[in-house]
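work.cif, holding mmCIF, C-alpha atoms and all ligand atoms:
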data_protein
#
loop_
_atom_site.label_atom_id
_atom_site.label_comp_id
_atom_site.auth_asym_id
_atom_site.auth_seq_id
_atom_site.Cartn_x
_atom_site.Cartn_y
_atom_site.Cartn_z
CA MET H 14 -20.15 11.29 -31.13
CA TYR H 15 -19.98 8.34 -28.69
CA GLU H 16 -18.58 6.25 -31.54
CA LYS H 17 -15.79 8.78 -31.89
CA ILE H 18 -15.05 8.56 -28.14
CA VAL H 19 -14.91 4.75 -28.20
CA SER H 20 -12.50 4.73 -31.13
CA PHE H 21 -10.37 7.41 -29.44
CA ILE H 22 -10.10 5.25 -26.31
CA GLN H 23 -9.32 2.13 -28.38
CA ASP H 24 -6.65 4.10 -30.19
CA THR H 25 -5.26 5.38 -26.90
CA PHE H 26 -4.96 1.88 -25.48
CA ASN H 27 -3.99 0.45 -28.84
CA THR H 28 -6.56 -2.35 -28.78
CA THR H 29 -10.06 -3.22 -29.92
CA ASN H 30 -10.34 -5.84 -27.16
CA PHE H 31 -12.19 -5.10 -23.91
CA ILE H 32 -10.64 -2.12 -22.09
CA PRO H 33 -11.05 -2.27 -18.30
CA LEU H 34 -11.33 0.75 -16.05
CA HIS H 35 -8.04 0.14 -14.26
CA GLU H 36 -5.84 -2.93 -14.46
CA PRO H 37 -2.59 -3.53 -12.60
CA ARG H 38 0.83 -3.49 -14.27
CA PHE H 39 3.56 -5.84 -13.11
CA CYS H 40 6.60 -4.76 -15.10
CA GLY H 41 9.38 -4.72 -12.51
CA ASN H 42 10.83 -6.97 -9.83
CA GLU H 43 7.51 -8.47 -8.73
CA LYS H 44 8.31 -12.09 -9.64
CA LYS H 45 11.88 -11.86 -8.38
CA TYR H 46 10.81 -10.56 -4.96
CA LEU H 47 7.91 -13.00 -4.75
CA ASN H 48 10.28 -15.90 -5.44
CA GLU H 49 12.71 -14.64 -2.82
CA CYS H 50 9.85 -14.36 -0.39
CA ILE H 51 8.63 -17.91 -1.08
CA ASP H 52 12.18 -19.28 -0.85
CA SER H 53 12.60 -17.60 2.52
CA THR H 54 9.38 -19.32 3.77
CA PHE H 55 8.43 -16.02 5.41
CA VAL H 56 5.19 -15.60 3.49
CA SER H 57 2.95 -14.49 6.33
CA SER H 58 2.78 -11.47 8.58
CA VAL H 59 6.42 -11.46 9.68
CA GLY H 60 9.15 -10.83 7.16
CA ALA H 61 11.75 -8.54 5.71
CA TYR H 62 9.53 -7.23 2.92
CA VAL H 63 6.90 -5.87 5.31
CA ASP H 64 9.54 -3.86 7.17
CA ARG H 65 11.19 -2.78 3.95
CA PHE H 66 7.91 -1.69 2.41
CA GLU H 67 6.98 0.34 5.49
CA LYS H 68 10.33 2.13 5.41
CA GLU H 69 10.23 2.84 1.70
CA PHE H 70 6.59 3.91 1.74
CA SER H 71 7.03 6.37 4.59
CA SER H 72 10.06 7.82 2.89
CA TYR H 73 8.13 8.16 -0.40
CA VAL H 74 5.19 10.04 1.12
CA GLY H 75 7.31 11.94 3.64
CA SER H 76 5.81 10.59 6.85
CA GLN H 77 7.76 9.44 9.88
CA TYR H 78 6.05 6.06 10.15
CA ALA H 79 4.06 3.63 8.01
CA ILE H 80 2.21 0.56 9.28
CA ALA H 81 1.16 -1.95 6.63
CA THR H 82 -2.28 -3.56 6.84
CA VAL H 83 -4.25 -6.23 4.97
CA ASN H 84 -6.29 -3.65 3.09
CA GLY H 85 -7.27 0.01 3.02
CA THR H 86 -10.48 -0.58 4.96
CA ALA H 87 -8.47 -2.07 7.84
CA ALA H 88 -6.10 0.92 7.65
CA LEU H 89 -9.07 3.28 7.95
CA HIS H 90 -10.64 1.27 10.76
CA VAL H 91 -7.44 1.30 12.79
CA SER H 92 -6.89 5.01 12.05
CA LEU H 93 -10.29 5.75 13.58
CA VAL H 94 -9.52 3.55 16.61
CA LEU H 95 -6.20 5.40 17.04
CA MET H 96 -8.11 8.69 17.14
CA GLY H 97 -10.33 7.30 19.90
CA VAL H 98 -13.47 6.98 17.79
CA GLU H 99 -15.89 4.72 19.64
CA LYS H 100 -19.50 3.79 20.11
CA ASP H 101 -21.94 6.70 19.75
CA ASP H 102 -19.35 9.15 18.46
CA GLU H 103 -20.00 10.99 15.22
CA VAL H 104 -17.56 11.26 12.34
CA ILE H 105 -17.91 13.78 9.54
CA THR H 106 -17.23 12.55 6.04
CA GLN H 107 -18.30 13.20 2.48
CA PRO H 108 -21.30 11.46 0.92
CA LEU H 109 -19.39 11.04 -2.34
CA THR H 110 -17.00 8.25 -1.45
CA PHE H 111 -16.51 4.52 -1.68
CA ILE H 112 -18.46 2.57 0.94
CA ALA H 113 -15.29 1.57 2.84
CA THR H 114 -15.01 5.04 4.39
CA CYS H 115 -18.42 4.68 6.03
CA ASN H 116 -17.99 0.99 6.81
CA ALA H 117 -14.85 1.75 8.81
CA ILE H 118 -16.68 4.45 10.79
CA THR H 119 -19.52 2.03 11.46
CA TYR H 120 -17.13 -0.75 12.62
CA CYS H 121 -16.23 1.59 15.52
CA GLY H 122 -19.90 1.89 16.51
CA ALA H 123 -19.82 5.52 15.38
CA LYS H 124 -22.14 7.29 12.96
CA PRO H 125 -21.15 9.12 9.80
CA VAL H 126 -22.41 12.68 9.33
CA PHE H 127 -22.40 13.81 5.70
CA VAL H 128 -21.07 17.20 4.63
CA ASP H 129 -21.04 18.37 1.03
CA VAL H 130 -18.14 18.17 -1.42
CA ASP H 131 -16.46 20.85 -3.44
CA LYS H 132 -17.38 20.81 -7.15
CA GLU H 133 -13.80 21.45 -8.25
CA THR H 134 -11.93 18.96 -6.06
CA LEU H 135 -14.76 16.38 -5.70
CA GLY H 136 -13.62 16.06 -2.07
CA LEU H 137 -14.98 17.43 1.21
CA SER H 138 -15.62 21.19 1.03
CA HIS H 139 -13.90 23.14 3.80
CA GLU H 140 -16.51 25.88 3.40
CA ALA H 141 -19.41 23.46 3.81
CA LEU H 142 -17.59 21.90 6.78
CA SER H 143 -17.09 25.23 8.47
CA GLN H 144 -20.70 26.29 7.88
CA PHE H 145 -22.02 22.94 9.10
CA LEU H 146 -20.06 23.21 12.35
CA ASP H 147 -21.04 26.86 12.90
CA GLU H 148 -24.69 25.92 12.57
CA ASN H 149 -24.72 22.54 14.29
CA ALA H 150 -21.94 22.29 16.86
CA TYR H 151 -20.40 23.81 19.96
CA ILE H 152 -17.25 23.15 21.92
CA LYS H 153 -17.43 21.76 25.43
CA ASP H 154 -14.47 20.51 27.49
CA ASN H 155 -12.29 20.72 24.37
CA GLN H 156 -14.61 18.47 22.44
CA CYS H 157 -16.83 19.25 19.51
CA VAL H 158 -20.43 18.44 20.36
CA ASN H 159 -23.35 18.10 17.94
CA LYS H 160 -26.07 20.53 19.13
CA HIS H 161 -28.89 18.23 18.04
CA THR H 162 -27.71 14.79 19.11
CA LYS H 163 -25.39 15.90 21.97
CA LYS H 164 -22.86 13.38 20.65
CA VAL H 165 -19.18 14.13 20.25
CA ILE H 166 -17.98 14.77 16.70
CA LYS H 167 -14.70 12.99 17.20
CA ALA H 168 -13.15 12.90 13.76
CA CYS H 169 -13.41 14.04 10.18
CA VAL H 170 -12.50 11.82 7.21
CA PRO H 171 -12.14 13.67 3.91
CA MET H 172 -11.32 11.58 0.85
CA HIS H 173 -9.14 12.53 -2.13
CA THR H 174 -11.55 11.47 -4.85
CA PHE H 175 -10.04 9.71 -7.91
CA GLY H 176 -6.63 10.92 -6.67
CA HIS H 177 -7.53 14.63 -6.89
CA PRO H 178 -6.44 16.27 -3.64
CA CYS H 179 -9.16 18.05 -1.71
CA ARG H 180 -8.29 21.37 -0.02
CA ILE H 181 -6.79 19.49 2.84
CA ARG H 182 -4.84 22.34 4.44
CA GLU H 183 -8.03 24.39 4.75
CA ILE H 184 -9.95 21.36 6.03
CA LYS H 185 -7.25 20.78 8.64
CA ALA H 186 -7.56 24.40 9.83
CA VAL H 187 -11.31 23.94 10.37
CA CYS H 188 -10.79 20.61 12.16
CA ASP H 189 -8.10 22.10 14.41
CA ALA H 190 -10.34 25.03 15.35
CA TRP H 191 -13.12 22.61 16.32
CA HIS H 192 -10.94 20.01 18.13
CA ILE H 193 -11.80 17.37 15.57
CA ALA H 194 -9.21 14.72 14.65
CA LEU H 195 -8.36 14.72 10.96
CA ILE H 196 -7.98 11.32 9.29
CA GLU H 197 -7.32 11.31 5.57
CA ASP H 198 -8.80 8.63 3.37
CA ALA H 199 -5.95 8.67 0.86
CA ALA H 200 -6.87 5.25 -0.53
CA GLU H 201 -6.92 6.62 -4.08
CA SER H 202 -4.24 9.27 -3.90
CA LEU H 203 -0.76 7.74 -3.75
CA GLY H 204 1.44 10.17 -5.71
CA SER H 205 -0.93 13.15 -5.22
CA TYR H 206 0.16 16.37 -3.51
CA TYR H 207 -1.51 19.45 -2.12
CA GLU H 208 0.70 22.53 -2.05
CA GLY H 209 3.71 20.25 -2.48
CA LYS H 210 2.92 17.99 0.50
CA HIS H 211 1.82 14.40 -0.05
CA THR H 212 -1.85 13.62 0.58
CA GLY H 213 -2.42 11.47 3.64
CA THR H 214 0.25 13.36 5.62
CA PHE H 215 -1.82 16.40 6.71
CA GLY H 216 -3.93 14.69 9.34
CA LYS H 217 -2.81 12.88 12.48
CA VAL H 218 -3.17 9.69 10.47
CA GLY H 219 -3.77 8.82 6.83
CA ALA H 220 -4.85 5.57 5.17
CA PHE H 221 -3.93 4.20 1.73
CA SER H 222 -5.21 1.20 -0.24
CA PHE H 223 -3.41 -1.22 -2.55
CA ASN H 224 -6.49 -2.97 -3.83
CA GLY H 225 -6.18 -4.46 -7.33
CA ASN H 226 -7.58 -1.34 -8.98
CA LYS H 227 -5.22 1.15 -7.31
CA ILE H 228 -2.14 2.84 -8.79
CA ILE H 229 0.11 0.25 -7.14
CA THR H 230 -1.24 -3.04 -5.87
CA SER H 231 -0.48 -6.27 -4.10
CA GLY H 232 -3.90 -7.73 -4.83
CA GLY H 233 -4.99 -6.37 -1.46
CA GLY H 234 -3.19 -4.28 1.09
CA GLY H 235 -3.20 -0.98 2.87
CA VAL H 236 -1.07 1.27 5.02
CA ILE H 237 -1.47 3.79 7.82
CA VAL H 238 0.90 6.77 7.92
CA THR H 239 1.60 9.07 10.82
CA ASP H 240 4.33 11.30 12.26
CA ASP H 241 3.45 10.37 15.82
CA GLU H 242 5.65 7.68 17.34
CA ALA H 243 3.17 6.62 20.01
CA LEU H 244 0.37 6.28 17.47
CA ALA H 245 2.64 4.29 15.16
CA LYS H 246 3.56 1.90 17.97
CA ARG H 247 -0.06 1.46 18.92
CA ALA H 248 -1.06 0.92 15.28
CA LYS H 249 1.48 -1.87 14.94
CA HIS H 250 0.38 -3.38 18.26
CA ILE H 251 -3.35 -3.47 17.56
CA THR H 252 -2.95 -4.62 13.95
CA THR H 253 -0.97 -7.63 15.21
CA THR H 254 -3.56 -8.98 17.70
CA ALA H 255 -2.22 -6.79 20.53
CA LYS H 256 0.32 -9.47 21.44
CA ILE H 257 2.97 -8.45 23.92
CA PRO H 258 6.32 -9.26 22.28
CA HIS H 259 7.87 -12.32 23.92
CA LYS H 260 9.94 -15.27 22.68
CA TRP H 261 7.41 -17.94 23.57
CA GLU H 262 4.54 -16.58 25.61
CA PHE H 263 1.22 -15.59 24.09
CA VAL H 264 -0.16 -12.72 26.09
CA HIS H 265 -2.43 -10.11 24.56
CA ASP H 266 -3.27 -6.94 26.43
CA GLU H 267 -6.44 -5.93 24.58
CA VAL H 268 -8.79 -7.10 21.84
CA GLY H 269 -6.68 -6.44 18.77
CA PHE H 270 -7.02 -7.13 15.06
CA ASN H 271 -5.36 -9.58 12.71
CA TYR H 272 -4.73 -6.83 10.19
CA ARG H 273 -1.01 -7.16 9.45
CA LEU H 274 -0.03 -7.25 5.75
CA PRO H 275 1.49 -10.61 4.75
CA ASN H 276 5.11 -10.59 3.58
CA LEU H 277 4.04 -12.02 0.19
CA ASN H 278 1.92 -8.94 -0.49
CA ALA H 279 4.66 -6.68 0.80
CA ALA H 280 7.14 -8.25 -1.66
CA LEU H 281 4.81 -7.27 -4.50
CA LEU H 282 4.38 -3.78 -3.07
CA VAL H 283 8.12 -3.15 -2.78
CA ALA H 284 8.43 -3.95 -6.50
CA GLN H 285 5.39 -1.84 -7.36
CA LEU H 286 6.61 1.16 -5.38
CA GLU H 287 9.88 1.07 -7.34
CA GLN H 288 7.79 1.84 -10.45
CA ILE H 289 5.57 4.59 -9.04
CA ASN H 290 7.27 7.51 -10.80
CA GLY H 291 6.93 5.85 -14.21
CA PHE H 292 3.28 5.01 -13.48
CA LEU H 293 2.58 8.62 -12.49
CA GLU H 294 4.17 10.04 -15.64
CA ASN H 295 2.30 7.57 -17.79
CA LYS H 296 -1.04 8.43 -16.15
CA ARG H 297 -0.42 12.16 -16.46
CA ALA H 298 0.26 11.76 -20.18
CA LEU H 299 -3.01 9.84 -20.49
CA ALA H 300 -4.90 12.57 -18.60
CA ASN H 301 -3.43 15.24 -20.90
CA ARG H 302 -4.46 13.24 -23.92
CA TYR H 303 -8.00 12.83 -22.58
CA GLU H 304 -8.19 16.51 -21.72
CA ASP H 305 -7.18 17.68 -25.21
CA PHE H 306 -9.64 15.30 -26.80
CA PHE H 307 -12.64 16.17 -24.62
CA VAL H 308 -11.94 19.90 -24.82
CA SER H 309 -11.96 19.54 -28.62
CA LEU H 310 -15.45 18.01 -28.29
CA ASN H 311 -16.55 20.79 -25.95
CA MET H 312 -16.99 18.30 -23.12
CA LYS H 313 -15.98 18.79 -19.50
CA PHE H 314 -12.90 16.83 -18.39
CA ILE H 315 -12.18 16.81 -14.64
CA LYS H 316 -8.75 18.38 -14.10
CA GLU H 317 -6.55 18.40 -11.04
CA PRO H 318 -7.55 21.20 -8.63
CA LYS H 319 -5.57 24.41 -8.19
CA ASN H 320 -2.44 24.17 -5.98
CA ALA H 321 -2.55 20.41 -6.32
CA ARG H 322 -0.85 17.69 -8.26
CA SER H 323 -3.09 14.70 -8.89
CA ASN H 324 -2.04 11.13 -9.63
CA TYR H 325 -5.01 11.00 -12.05
CA TRP H 326 -5.87 7.60 -10.66
CA LEU H 327 -9.24 7.56 -12.43
CA ASN H 328 -9.98 10.02 -15.21
CA ALA H 329 -13.47 11.45 -15.31
CA ILE H 330 -15.72 13.58 -17.45
CA CYS H 331 -18.87 15.43 -16.50
CA LEU H 332 -21.83 15.06 -18.87
CA ASP H 333 -24.62 17.58 -19.24
CA THR H 334 -27.65 15.50 -18.31
CA LYS H 335 -28.36 12.21 -16.60
CA GLU H 336 -29.91 10.88 -19.83
CA GLN H 337 -26.71 11.72 -21.68
CA ARG H 338 -24.68 10.02 -18.98
CA ASP H 339 -26.76 6.85 -19.17
CA THR H 340 -26.57 6.69 -22.96
CA PHE H 341 -22.81 7.18 -22.72
CA LEU H 342 -22.47 4.39 -20.14
CA GLU H 343 -24.66 2.08 -22.21
CA TYR H 344 -22.82 2.72 -25.46
CA THR H 345 -19.26 2.48 -24.14
CA ASN H 346 -19.86 -0.62 -22.03
CA GLN H 347 -21.64 -2.34 -24.92
CA ASN H 348 -18.69 -1.59 -27.16
CA GLY H 349 -15.97 -3.04 -24.95
CA VAL H 350 -14.90 0.18 -23.20
CA MET H 351 -15.49 0.01 -19.48
CA THR H 352 -16.86 3.21 -17.99
CA ARG H 353 -18.81 3.70 -14.78
CA PRO H 354 -20.79 6.29 -12.92
CA ILE H 355 -19.63 7.69 -9.61
CA TRP H 356 -20.71 5.83 -6.46
CA THR H 357 -24.30 6.14 -5.25
CA LEU H 358 -24.09 8.75 -2.51
CA MET H 359 -23.61 7.23 0.95
CA ASN H 360 -26.57 9.17 2.40
CA ARG H 361 -28.88 7.36 -0.05
CA LEU H 362 -27.87 3.89 1.13
CA GLU H 363 -30.30 2.05 3.39
CA MET H 364 -27.77 1.79 6.26
CA PHE H 365 -26.94 5.50 6.34
CA LYS H 366 -30.02 7.26 5.04
CA SER H 367 -31.27 8.36 8.44
CA TYR H 368 -28.00 10.10 9.36
CA GLN H 369 -27.50 13.84 9.50
CA CYS H 370 -26.47 15.69 6.33
CA SER H 371 -25.55 19.23 5.39
CA ASP H 372 -26.99 20.68 2.20
CA LEU H 373 -25.58 18.23 -0.38
CA SER H 374 -26.25 20.09 -3.65
CA ASN H 375 -22.78 19.58 -5.10
CA ALA H 376 -22.71 15.88 -4.28
CA PHE H 377 -26.16 15.39 -5.85
CA TYR H 378 -25.00 17.26 -8.94
CA LEU H 379 -21.80 15.25 -9.36
CA GLU H 380 -23.55 11.95 -8.69
CA GLU H 381 -25.75 12.46 -11.75
CA TYR H 382 -23.20 13.61 -14.31
CA ILE H 383 -19.79 12.09 -13.64
CA VAL H 384 -18.40 9.13 -15.52
CA ASN H 385 -15.02 7.42 -15.08
CA LEU H 386 -12.96 6.42 -18.10
CA PRO H 387 -10.36 3.66 -18.59
CA SER H 388 -7.27 4.88 -16.75
CA SER H 389 -4.73 2.05 -16.57
CA VAL H 390 -1.05 2.71 -17.06
CA ARG H 391 -0.52 2.17 -20.80
CA LEU H 392 2.07 -0.37 -21.89
C1 LIG R 401 -11.99 5.95 -1.04
C2 LIG R 401 -11.64 4.58 -0.62
N1 LIG R 401 -11.56 4.31 0.69
C3 LIG R 401 -11.24 3.09 1.13
C4 LIG R 401 -10.99 2.07 0.24
C5 LIG R 401 -10.76 0.73 0.82
O1 LIG R 401 -9.63 0.08 0.43
P1 LIG R 401 -9.57 -1.51 0.35
O2 LIG R 401 -10.36 -1.94 -0.85
O3 LIG R 401 -8.12 -1.77 0.19
O4 LIG R 401 -10.11 -2.05 1.60
C6 LIG R 401 -11.04 2.31 -1.14
C7 LIG R 401 -10.74 1.33 -2.18
O5 LIG R 401 -10.91 0.23 -2.33
C8 LIG R 401 -11.39 3.61 -1.59
O6 LIG R 401 -11.48 3.89 -2.89
#
Please render this file's structure as structure tokens.
Ligand SMILES: Cc1ncc(COP(=O)(O)O)c(C=O)c1O
Amino acid sequence: MYEKIVSFIQDTFNTTNFIPLHEPRFCGNEKKYLNECIDSTFVSSVGAYVDRFEKEFSSYVGSQYAIATVNGTAALHVSLVLMGVEKDDEVITQPLTFIATCNAITYCGAKPVFVDVDKETLGLSHEALSQFLDENAYIKDNQCVNKHTKKVIKACVPMHTFGHPCRIREIKAVCDAWHIALIEDAAESLGSYYEGKHTGTFGKVGAFSFNGNKIITSGGGGVIVTDDEALAKRAKHITTTAKIPHKWEFVHDEVGFNYRLPNLNAALLVAQLEQINGFLENKRALANRYEDFFVSLNMKFIKEPKNARSNYWLNAICLDTKEQRDTFLEYTNQNGVMTRPIWTLMNRLEMFKSYQCSDLSNAFYLEEYIVNLPSSVRL
């Protein structure tokens, strides 16, 4: 059967050469804009493309403001800083995520607390979140306090796994009731919507990534989105070394970050964003093709959740046993088709294993059985 799957994927991508998990596509104005950018000499953190990208990105996702950063991790870090996350705070997130989510929390001196995911969305479960807070927290002086540690649970960072939107409206309602700031890790979900609203725009702030494996890329890059003018101003200020604007003086009013996206990367991103609708259609057609095929084999293909439209950034199937999963990974990778298991759960990693967790049955289940399939935009 695995032979049949490999030849289906080779057929789908029309090649018997190595098929990566997700490779970028540069089919538009990338070279033109890059050349213009080089000719202008504005290749660094000041330049017309950065401003243009921010404008066009915010308009695409429907947020008031967008602030471009060097990568998605920086966007998450700054989002947490904007929400006032600091040393000894706690931040709820899901154990099933890429390490960057937890790294960013840790950069603030805060600790992640792990709450289970939903089996359908693969993202944070609003039910598990609500139950965790009922059992472990109370509100004091308008802050959510962890009963056991007496630390403030300052923020919650759900992640839209593989581009599938989690039930973000419901998660927001729980966060609002508990005075917890909602920050969306939308690194993987550009072009994904929940109930018709773009992911990343439900919380006070949202963070996206343009790493080389994402749906659009500039090699590296990220962006913070928000509807709050004051937060947007502060985001721009602290991502540009907190320098007070002045023609010649260098005065900085706090310890800021050198996190501004270079104009060169922004030039690439403007060109990539022009192609997003085509990329999304292409990826949806691929997901439909995968779904039909795996259903015909009686295998479980991960579909977009109800009330949501996914960008199908990474397609995934769920195998029946861990042994089956490992044989599948072994066979496909040995035969030139790149597949990979889901991330090792964050709560298992040395750095985070002592941190508080809810019951994580769904995350443990998904960790064992899920495999990602090649998902690049097909030429
Ligand atoms: C869920 C998630 N969060 C954060 C990031 C961090 O983005 P970056 O690699 O651009 O720093 C990524 C991807 O790389 C991601 O998949």
All residues 12 Å or closer to Glu148 (chain H), all atoms listed in the file, same chain fewer than 3 positions away omitted, as a list in words: Ala141, Leu142, Ser143, Gln144, Phe145, Tyr151, Val158, Asn159, Lys160, His161, Ser371 and Asp372 of chain H
Could you please extract the residues within 7 Å of ligand LIG 401 (chain R), counting only C-alpha atoms and all ligand atoms, and hand them back as a list in words? Asn84, Gly85, Thr86, Ala87, Thr110, Phe111, Ala113, Thr114, Met172, Thr174, Asp198, Ala199, Ala200, Glu201, Ser222, Phe223, Asn224, Gly233, Gly234 and Gly235 of chain H
Residues within 9 Å of region 78-82 of chain H, only C-alpha atoms, excluding chain neighbours under 5 positions, as a ChimeraX atom specification: /H:63-64,66-72,87-88,234-242,245-246,248-249,252,271-275,279
Residues around (10.3, -14.8, 1.3), cut-off 12 Å, counting only C-alpha atoms - what are they as number ranges by chain? H: 44-63, 275-281
Region 323-331 of chain H environment, 9 Å, all atoms listed in the file, sequence neighbours closer than 5 positions dropped, as a ChimeraX atom specification: /H:34-35,174-178,201-207,227-228,292-294,296-297,299-300,303,307,312-318,338,379,381-389
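Closest approach to Val83 (chain H) from the set H:Asn360, H:Thr25, H:Thr230, H:Asn116 is made by H:Thr230, with distances taken over all atoms listed in the file.
Shortest atom-to-atom contact with His90 (chain H) among H:Val350, H:Ala376, H:Ile118, H:Val218: H:Ile118, counting all atoms listed in the file.
Going from CA of Ile229 (chain H) over to CA of Gln285 (chain H), you cover 5.7 Å.
Closest approach to Lys17 (chain H) from the set H:Thr334, H:Asn348, H:Asn295, H:Ser92 is made by H:Asn348, with distances taken over all atoms listed in the file.
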Would you please work out which residue, of H:Ile251, H:Ala284, H:Met359, H:Val264, is nearest to Asp129 (chain H) when using all atoms listed in the file? H:Met359
Quick one: of H:Asp305, H:Asn320, H:Pro108, H:Lys124, who's nearest to Glu208 (chain H), counting only C-alpha atoms? H:Asn320
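For the residues H:Arg353, H:Met96, H:Leu358, H:Gly291, ranking by smallest atom-to-atom distance to Ala243 (chain H) using all atoms listed in the file places H:Met96 first.
Reported to one decimal place, the separation of CA of Glu197 (chain H) from CA of Phe221 (chain H) is 8.8 Å.
Separating CA of Leu195 (chain H) from CA of Ile105 (chain H) is a distance of 9.7 Å.
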Contacts of Val94 (chain H) at 9 Å (only C-alpha atoms; same-chain gap of 5+ positions) as a PyMOL selection string: chain H and resi 89+99+121+248
Incomplete region 197-210 of chain H filled out to N, CA, C and O atoms as a PDB file, in the frame of the given file:
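Now in selection16.pdb:
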ATOM      1  N   GLU H 197      -7.137  11.232   7.022  1.00  0.00           N
ATOM      2  CA  GLU H 197      -7.320  11.310   5.570  1.00  0.00           C
ATOM      3  C   GLU H 197      -7.548   9.938   4.950  1.00  0.00           C
ATOM      4  O   GLU H 197      -6.749   9.021   5.165  1.00  0.00           O
ATOM      5  N   ASP H 198      -8.616   9.823   4.187  1.00  0.00           N
ATOM      6  CA  ASP H 198      -8.800   8.630   3.370  1.00  0.00           C
ATOM      7  C   ASP H 198      -8.062   8.901   2.059  1.00  0.00           C
ATOM      8  O   ASP H 198      -8.600   9.521   1.134  1.00  0.00           O
ATOM      9  N   ALA H 199      -6.813   8.452   2.033  1.00  0.00           N
ATOM     10  CA  ALA H 199      -5.950   8.670   0.860  1.00  0.00           C
ATOM     11  C   ALA H 199      -5.846   7.393   0.037  1.00  0.00           C
ATOM     12  O   ALA H 199      -4.871   7.191  -0.687  1.00  0.00           O
ATOM     13  N   ALA H 200      -6.884   6.555   0.157  1.00  0.00           N
ATOM     14  CA  ALA H 200      -6.870   5.250  -0.530  1.00  0.00           C
ATOM     15  C   ALA H 200      -6.553   5.384  -2.013  1.00  0.00           C
ATOM     16  O   ALA H 200      -5.916   4.516  -2.599  1.00  0.00           O
ATOM     17  N   GLU H 201      -7.027   6.481  -2.625  1.00  0.00           N
ATOM     18  CA  GLU H 201      -6.920   6.620  -4.080  1.00  0.00           C
ATOM     19  C   GLU H 201      -5.798   7.554  -4.504  1.00  0.00           C
ATOM     20  O   GLU H 201      -5.642   7.811  -5.697  1.00  0.00           O
ATOM     21  N   SER H 202      -5.062   8.110  -3.540  1.00  0.00           N
ATOM     22  CA  SER H 202      -4.240   9.270  -3.900  1.00  0.00           C
ATOM     23  C   SER H 202      -2.735   9.103  -3.669  1.00  0.00           C
ATOM     24  O   SER H 202      -2.050  10.091  -3.410  1.00  0.00           O
ATOM     25  N   LEU H 203      -2.223   7.886  -3.823  1.00  0.00           N
ATOM     26  CA  LEU H 203      -0.760   7.740  -3.750  1.00  0.00           C
ATOM     27  C   LEU H 203      -0.129   8.481  -4.941  1.00  0.00           C
ATOM     28  O   LEU H 203      -0.508   8.247  -6.093  1.00  0.00           O
ATOM     29  N   GLY H 204       0.798   9.389  -4.635  1.00  0.00           N
ATOM     30  CA  GLY H 204       1.440  10.170  -5.710  1.00  0.00           C
ATOM     31  C   GLY H 204       0.744  11.504  -5.947  1.00  0.00           C
ATOM     32  O   GLY H 204       1.082  12.212  -6.888  1.00  0.00           O
ATOM     33  N   SER H 205      -0.219  11.870  -5.076  1.00  0.00           N
ATOM     34  CA  SER H 205      -0.930  13.150  -5.220  1.00  0.00           C
ATOM     35  C   SER H 205      -0.505  14.101  -4.090  1.00  0.00           C
ATOM     36  O   SER H 205      -0.381  13.688  -2.928  1.00  0.00           O
ATOM     37  N   TYR H 206      -0.362  15.371  -4.455  1.00  0.00           N
ATOM     38  CA  TYR H 206       0.160  16.370  -3.510  1.00  0.00           C
ATOM     39  C   TYR H 206      -0.737  17.581  -3.443  1.00  0.00           C
ATOM     40  O   TYR H 206      -1.322  17.975  -4.455  1.00  0.00           O
ATOM     41  N   TYR H 207      -0.818  18.159  -2.254  1.00  0.00           N
ATOM     42  CA  TYR H 207      -1.510  19.450  -2.120  1.00  0.00           C
ATOM     43  C   TYR H 207      -0.488  20.450  -1.611  1.00  0.00           C
ATOM     44  O   TYR H 207       0.167  20.218  -0.587  1.00  0.00           O
ATOM     45  N   GLU H 208      -0.310  21.516  -2.364  1.00  0.00           N
ATOM     46  CA  GLU H 208       0.700  22.530  -2.050  1.00  0.00           C
ATOM     47  C   GLU H 208       2.053  21.870  -1.764  1.00  0.00           C
ATOM     48  O   GLU H 208       2.748  22.219  -0.803  1.00  0.00           O
ATOM     49  N   GLY H 209       2.394  20.886  -2.558  1.00  0.00           N
ATOM     50  CA  GLY H 209       3.710  20.250  -2.480  1.00  0.00           C
ATOM     51  C   GLY H 209       3.872  19.214  -1.384  1.00  0.00           C
ATOM     52  O   GLY H 209       4.937  18.608  -1.264  1.00  0.00           O
ATOM     53  N   LYS H 210       2.819  18.988  -0.588  1.00  0.00           N
ATOM     54  CA  LYS H 210       2.920  17.990   0.500  1.00  0.00           C
ATOM     55  C   LYS H 210       2.038  16.789   0.123  1.00  0.00           C
ATOM     56  O   LYS H 210       0.922  16.966  -0.395  1.00  0.00           O
TER      57      LYS H 210
END
